[in-house]
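> A single structure is presented below for examination.
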Amino acid sequence: MDGRYGDGDGAERTTRRDDAVRAAVEQGLLGPGTPIVGLLDVTGIREATAELRAAFDAVTAPGTPVLHAFAVKATPLVPVLRLLRAEGIGAEVASPGELALARAAGVAPNRTVLDSPAKTPAELREALALGIAVNADNPQELARIDGLMRSATSRSPLGIRVNPQVGGGSIEATSTATTTSKFGVALRDEGAREWVVRAYADRPWLTRLHAHTGSQGIPLSLMVRGAAEAYALAEEINRRLGRPQIDTLDIGGGLPVNFGSDGTTPTYAQYARLLSEAVPGLFGGRYGLVTEFGRSLLAKHGTVVARVEYAKSAGGRPVAVTHAGVQVATRTVYAPGAWPLRIAAYDGKGRAKAGPAVVQDVAGPACFSGDLLAEGRALPLLEQGDYAAALDTGAYYFAHHYAYNSLARPGIYGFAPDGAGGIAFATVREPQSLDEIVAEAGGAHTDSLTTLRAPDHR
Ligand SMILES: *Cc1c(COP(=O)(O)O)cnc(C)c1O
């Protein structure tokens, strides 16, 4: 570990989290009537953004434009996007909803990148009108952009997303550079490389090239190969065109997160160094850079804390029935092998629980037997009124509510030192109310089906 950028074993993070859980109980954010919350460590998020910027600053030639665009899908919460914006981070969006969130957070169009595999003509038109960078996913999308470029001018930097087909990682669902991935132009398919070169030759306004090689489960070496392939293609295109038409490479996100401890491994510094050793030309100043990290910026700064409603035993195994399950940890519950989460035990006052490790299940509130946050996990025994915390859930977890059993979206609060030795909380998202649940379930249309009449044919 490089202590300058990482935080070693994450001991400070552990302390901040423990303090925040205790303060949440003391301040009544968490308790019998509010048995689940999501907490975000604002200090940790700020540190992560500083590490990201420093990592790339350390390897890029002075003056190289670098845009770190946060992949909004990882934590689609407006105050989070606003905090990141304040830390110099832009937004990578992949739907009209994500673009709306980035705009609500005040992220400037020239700090926003639109990637998605299914952009409608209206979305493309809006992005080009706003001047947002767009990476075309495929030839049909490029044809739509051609049409828009004929009828209007745009300040949008435009590029093509390629799939370097360097292979997948350990999790199929997050591997984007497999031979048959749905994303981008599959570069090794017959004729594809030539098509890409021609696409740039015919369109002087295509100035970017994009590759996002994968997410969690992808080894760094594979991410580096993906970026190296994109760089080689940009070099080839510029050489064959006899002009430096591609001026910016978007190398995507995907830095994996360590879900096994509070330490940060790998670090942005390690990745940037590896990239700069393997692909030095990427950092020499001839290309601007865009990155699109999501999970690695937020995951380790979020915690779901849920009250143990009941502690029981089945077949000789203790089972803690908590209020956090499939609705906040959907991937973990449905694919526990690929997405294991650490669980921390706190007592009823929110103090880290000590005691001998007991193998137990930590269950959620949903009505199906697989709704388990952790199965057969050795932890201090969770008892009624204790709290179970699902760690590293700041990305792709509590911000991605799954409405099974009409379980309410929990409130999300950011925390930071209050300057007087305590902890201050700020609301990021209110808990969902029962009225909202009813309204979102068609509550305004109660009689729409009972009053529906078949057309009268007489
Ligand atoms: C999901 C995604 C990202 C972010 O991936 P992380 O693993 O969260 O860093 C970046 N770029 C694109 C195009 C994506 O789809």
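Each chain in the structure tokens gets a letter, A, B, ..., in the order shown, and its residues are numbered from 1; ligands are numbered from 1 in order too.
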Pick out the residues no farther than 7 Å from ligand 1, counting only C-alpha atoms and all ligand atoms, and list them as an MDAnalysis selection string.
chainID A and resid 71 73:74 92 115:116 212 214:216 252:256 292:296
> Could you pull out the alpha helix (DSSP H) residues of region 78-292 of chain A, going by DSSP on the backbone, and write them as a ChimeraX atom specification?
/A:78-86,96-104,121-130,139-151,192-202,220-241,268-278
> What would the file look like if the residues just selected were written as an mmCIF file, in the first residue's frame with C-alpha atoms?

```cif
data_model
loop_
_atom_site.group_PDB
_atom_site.id
_atom_site.type_symbol
_atom_site.label_atom_id
_atom_site.label_comp_id
_atom_site.auth_asym_id
_atom_site.auth_seq_id
_atom_site.Cartn_x
_atom_site.Cartn_y
_atom_site.Cartn_z
ATOM 1 C CA VAL A 78 -28.162 14.795 -6.163
ATOM 2 C CA PRO A 79 -26.298 15.961 -3.001
ATOM 3 C CA VAL A 80 -23.576 13.411 -3.696
ATOM 4 C CA LEU A 81 -23.172 14.703 -7.256
ATOM 5 C CA ARG A 82 -23.050 18.228 -5.860
ATOM 6 C CA LEU A 83 -20.357 17.266 -3.328
ATOM 7 C CA LEU A 84 -18.337 15.627 -6.095
ATOM 8 C CA ARG A 85 -18.787 18.713 -8.265
ATOM 9 C CA ALA A 86 -17.398 20.833 -5.424
ATOM 10 C CA PRO A 96 -32.335 10.895 -19.188
ATOM 11 C CA GLY A 97 -32.840 10.396 -15.444
ATOM 12 C CA GLU A 98 -29.127 10.426 -14.689
ATOM 13 C CA LEU A 99 -28.676 13.504 -16.863
ATOM 14 C CA ALA A 100 -31.482 15.211 -14.950
ATOM 15 C CA LEU A 101 -29.742 14.381 -11.654
ATOM 16 C CA ALA A 102 -26.425 15.763 -12.889
ATOM 17 C CA ARG A 103 -28.143 18.939 -14.080
ATOM 18 C CA ALA A 104 -30.000 19.287 -10.783
ATOM 19 C CA PRO A 121 -33.074 10.572 -31.019
ATOM 20 C CA ALA A 122 -34.543 13.044 -28.497
ATOM 21 C CA GLU A 123 -31.817 12.291 -25.953
ATOM 22 C CA LEU A 124 -29.113 12.740 -28.567
ATOM 23 C CA ARG A 125 -30.652 16.012 -29.744
ATOM 24 C CA GLU A 126 -30.789 17.339 -26.182
ATOM 25 C CA ALA A 127 -27.219 16.296 -25.419
ATOM 26 C CA LEU A 128 -25.927 17.985 -28.569
ATOM 27 C CA ALA A 129 -27.949 21.118 -27.856
ATOM 28 C CA LEU A 130 -26.507 21.277 -24.346
ATOM 29 C CA PRO A 139 -23.020 2.643 -36.286
ATOM 30 C CA GLN A 140 -26.766 3.253 -36.089
ATOM 31 C CA GLU A 141 -26.261 5.772 -33.323
ATOM 32 C CA LEU A 142 -23.493 7.463 -35.262
ATOM 33 C CA ALA A 143 -25.903 7.779 -38.208
ATOM 34 C CA ARG A 144 -28.391 9.556 -35.944
ATOM 35 C CA ILE A 145 -25.654 11.918 -34.790
ATOM 36 C CA ASP A 146 -24.756 12.539 -38.446
ATOM 37 C CA GLY A 147 -28.317 13.684 -39.049
ATOM 38 C CA LEU A 148 -28.213 16.051 -36.076
ATOM 39 C CA MET A 149 -24.826 17.434 -37.092
ATOM 40 C CA ARG A 150 -26.185 18.239 -40.579
ATOM 41 C CA SER A 151 -29.031 20.310 -39.173
ATOM 42 C CA ALA A 192 -14.846 -3.332 -37.474
ATOM 43 C CA ARG A 193 -11.465 -1.682 -37.092
ATOM 44 C CA GLU A 194 -11.555 -0.444 -40.686
ATOM 45 C CA TRP A 195 -15.087 0.817 -40.179
ATOM 46 C CA VAL A 196 -13.948 2.821 -37.149
ATOM 47 C CA VAL A 197 -10.997 4.341 -38.994
ATOM 48 C CA ARG A 198 -13.299 5.357 -41.878
ATOM 49 C CA ALA A 199 -15.843 6.771 -39.462
ATOM 50 C CA TYR A 200 -13.222 9.184 -38.163
ATOM 51 C CA ALA A 201 -11.849 9.934 -41.627
ATOM 52 C CA ASP A 202 -15.325 10.945 -42.790
ATOM 53 C CA LEU A 220 -6.088 -4.198 -13.203
ATOM 54 C CA SER A 221 -3.994 -5.833 -15.899
ATOM 55 C CA LEU A 222 -7.117 -6.259 -18.050
ATOM 56 C CA MET A 223 -8.190 -2.649 -17.474
ATOM 57 C CA VAL A 224 -4.725 -1.538 -18.535
ATOM 58 C CA ARG A 225 -4.950 -3.681 -21.674
ATOM 59 C CA GLY A 226 -8.285 -2.105 -22.529
ATOM 60 C CA ALA A 227 -6.828 1.389 -22.224
ATOM 61 C CA ALA A 228 -3.734 0.326 -24.195
ATOM 62 C CA GLU A 229 -5.927 -0.967 -27.025
ATOM 63 C CA ALA A 230 -7.868 2.303 -27.140
ATOM 64 C CA TYR A 231 -4.643 4.278 -27.189
ATOM 65 C CA ALA A 232 -3.192 2.149 -29.993
ATOM 66 C CA LEU A 233 -6.351 2.645 -32.037
ATOM 67 C CA ALA A 234 -6.263 6.424 -31.519
ATOM 68 C CA GLU A 235 -2.626 6.475 -32.600
ATOM 69 C CA GLU A 236 -3.436 4.429 -35.683
ATOM 70 C CA ILE A 237 -6.363 6.648 -36.647
ATOM 71 C CA ASN A 238 -4.414 9.888 -36.194
ATOM 72 C CA ARG A 239 -1.469 8.454 -38.135
ATOM 73 C CA ARG A 240 -3.624 7.253 -41.021
ATOM 74 C CA LEU A 241 -5.507 10.546 -41.138
ATOM 75 C CA TYR A 268 -6.073 5.119 -7.851
ATOM 76 C CA ALA A 269 -2.352 5.815 -7.475
ATOM 77 C CA GLN A 270 -1.497 2.192 -8.193
ATOM 78 C CA TYR A 271 -3.766 2.109 -11.235
ATOM 79 C CA ALA A 272 -2.509 5.416 -12.635
ATOM 80 C CA ARG A 273 1.086 4.294 -12.169
ATOM 81 C CA LEU A 274 0.441 0.947 -13.858
ATOM 82 C CA LEU A 275 -1.284 2.716 -16.757
ATOM 83 C CA SER A 276 1.511 5.231 -17.142
ATOM 84 C CA GLU A 277 4.127 2.475 -17.225
ATOM 85 C CA ALA A 278 2.199 0.363 -19.728
#
```
> Please list as a PyMOL selection string every residue within 6 Å of Gly411 (chain A), counting only C-alpha atoms and excluding residues in the same chain fewer than 3 positions away.
chain A and resi 37+429-431
> Give me the residues near region 44-48 of chain A as a PyMOL selection string, where near means some atom within 8 Å (using only C-alpha atoms) and where sequence neighbours in that chain fewer than 3 positions away do not count.
chain A and resi 13+41+51-52+84+87+297-298+300-301
> Could you please take those selected residues and save N, CA and C atoms as a PDB file, in the first residue's frame?

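In the end it all went to out15.pdb:
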```
ATOM      1  N   ARG A  13     -11.118   5.151   8.752  1.00  0.00           N
ATOM      2  CA  ARG A  13     -12.470   4.950   8.216  1.00  0.00           C
ATOM      3  C   ARG A  13     -13.321   4.164   9.215  1.00  0.00           C
ATOM      4  N   ASP A  41     -20.090   8.770   4.456  1.00  0.00           N
ATOM      5  CA  ASP A  41     -18.930   9.375   5.115  1.00  0.00           C
ATOM      6  C   ASP A  41     -18.374  10.485   4.206  1.00  0.00           C
ATOM      7  N   GLU A  51      -7.638  11.732  -3.762  1.00  0.00           N
ATOM      8  CA  GLU A  51      -6.728  10.663  -4.187  1.00  0.00           C
ATOM      9  C   GLU A  51      -6.800  10.457  -5.694  1.00  0.00           C
ATOM     10  N   LEU A  52      -8.026  10.500  -6.224  1.00  0.00           N
ATOM     11  CA  LEU A  52      -8.192  10.304  -7.669  1.00  0.00           C
ATOM     12  C   LEU A  52      -7.470  11.414  -8.438  1.00  0.00           C
ATOM     13  N   LEU A  84     -19.406  15.996  -5.163  1.00  0.00           N
ATOM     14  CA  LEU A  84     -18.337  15.627  -6.095  1.00  0.00           C
ATOM     15  C   LEU A  84     -17.991  16.811  -6.998  1.00  0.00           C
ATOM     16  N   GLU A  87     -15.752  19.045  -5.480  1.00  0.00           N
ATOM     17  CA  GLU A  87     -14.402  18.477  -5.408  1.00  0.00           C
ATOM     18  C   GLU A  87     -13.773  18.348  -6.796  1.00  0.00           C
ATOM     19  N   LEU A 297     -15.155   5.311  -6.201  1.00  0.00           N
ATOM     20  CA  LEU A 297     -15.233   6.617  -5.523  1.00  0.00           C
ATOM     21  C   LEU A 297     -16.170   6.586  -4.319  1.00  0.00           C
ATOM     22  N   LEU A 298     -17.206   5.764  -4.369  1.00  0.00           N
ATOM     23  CA  LEU A 298     -18.240   5.848  -3.330  1.00  0.00           C
ATOM     24  C   LEU A 298     -18.427   4.611  -2.460  1.00  0.00           C
ATOM     25  N   LYS A 300     -16.841   2.569  -0.526  1.00  0.00           N
ATOM     26  CA  LYS A 300     -16.324   2.387   0.828  1.00  0.00           C
ATOM     27  C   LYS A 300     -16.794   3.468   1.791  1.00  0.00           C
ATOM     28  N   HIS A 301     -17.573   4.405   1.286  1.00  0.00           N
ATOM     29  CA  HIS A 301     -17.997   5.510   2.147  1.00  0.00           C
ATOM     30  C   HIS A 301     -19.466   5.409   2.533  1.00  0.00           C
TER      31      HIS A 301
END
```
> Quick one: pick out all strand (DSSP E or B) residues within region 195-241 of chain A from a backbone DSSP run and write them as a list of chain:residue names.
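Put together, the selection reads A:Leu206, A:Thr207, A:Arg208, A:Leu209, A:His210, A:Gly214.
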> Given only C-alpha atoms as the basis, pick out the residue of A:Arg307, A:Arg188, A:Arg377, A:Arg161 nearest to Leu209 (chain A).
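Smallest distance to Leu209 (chain A) is found for A:Arg161.
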> Looking at only C-alpha atoms, which of A:Val305, A:Ala374, A:Ala335, A:Val279 is the one that sits closest to Ala20 (chain A)?
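Closest residue, counting only C-alpha atoms: A:Val305.
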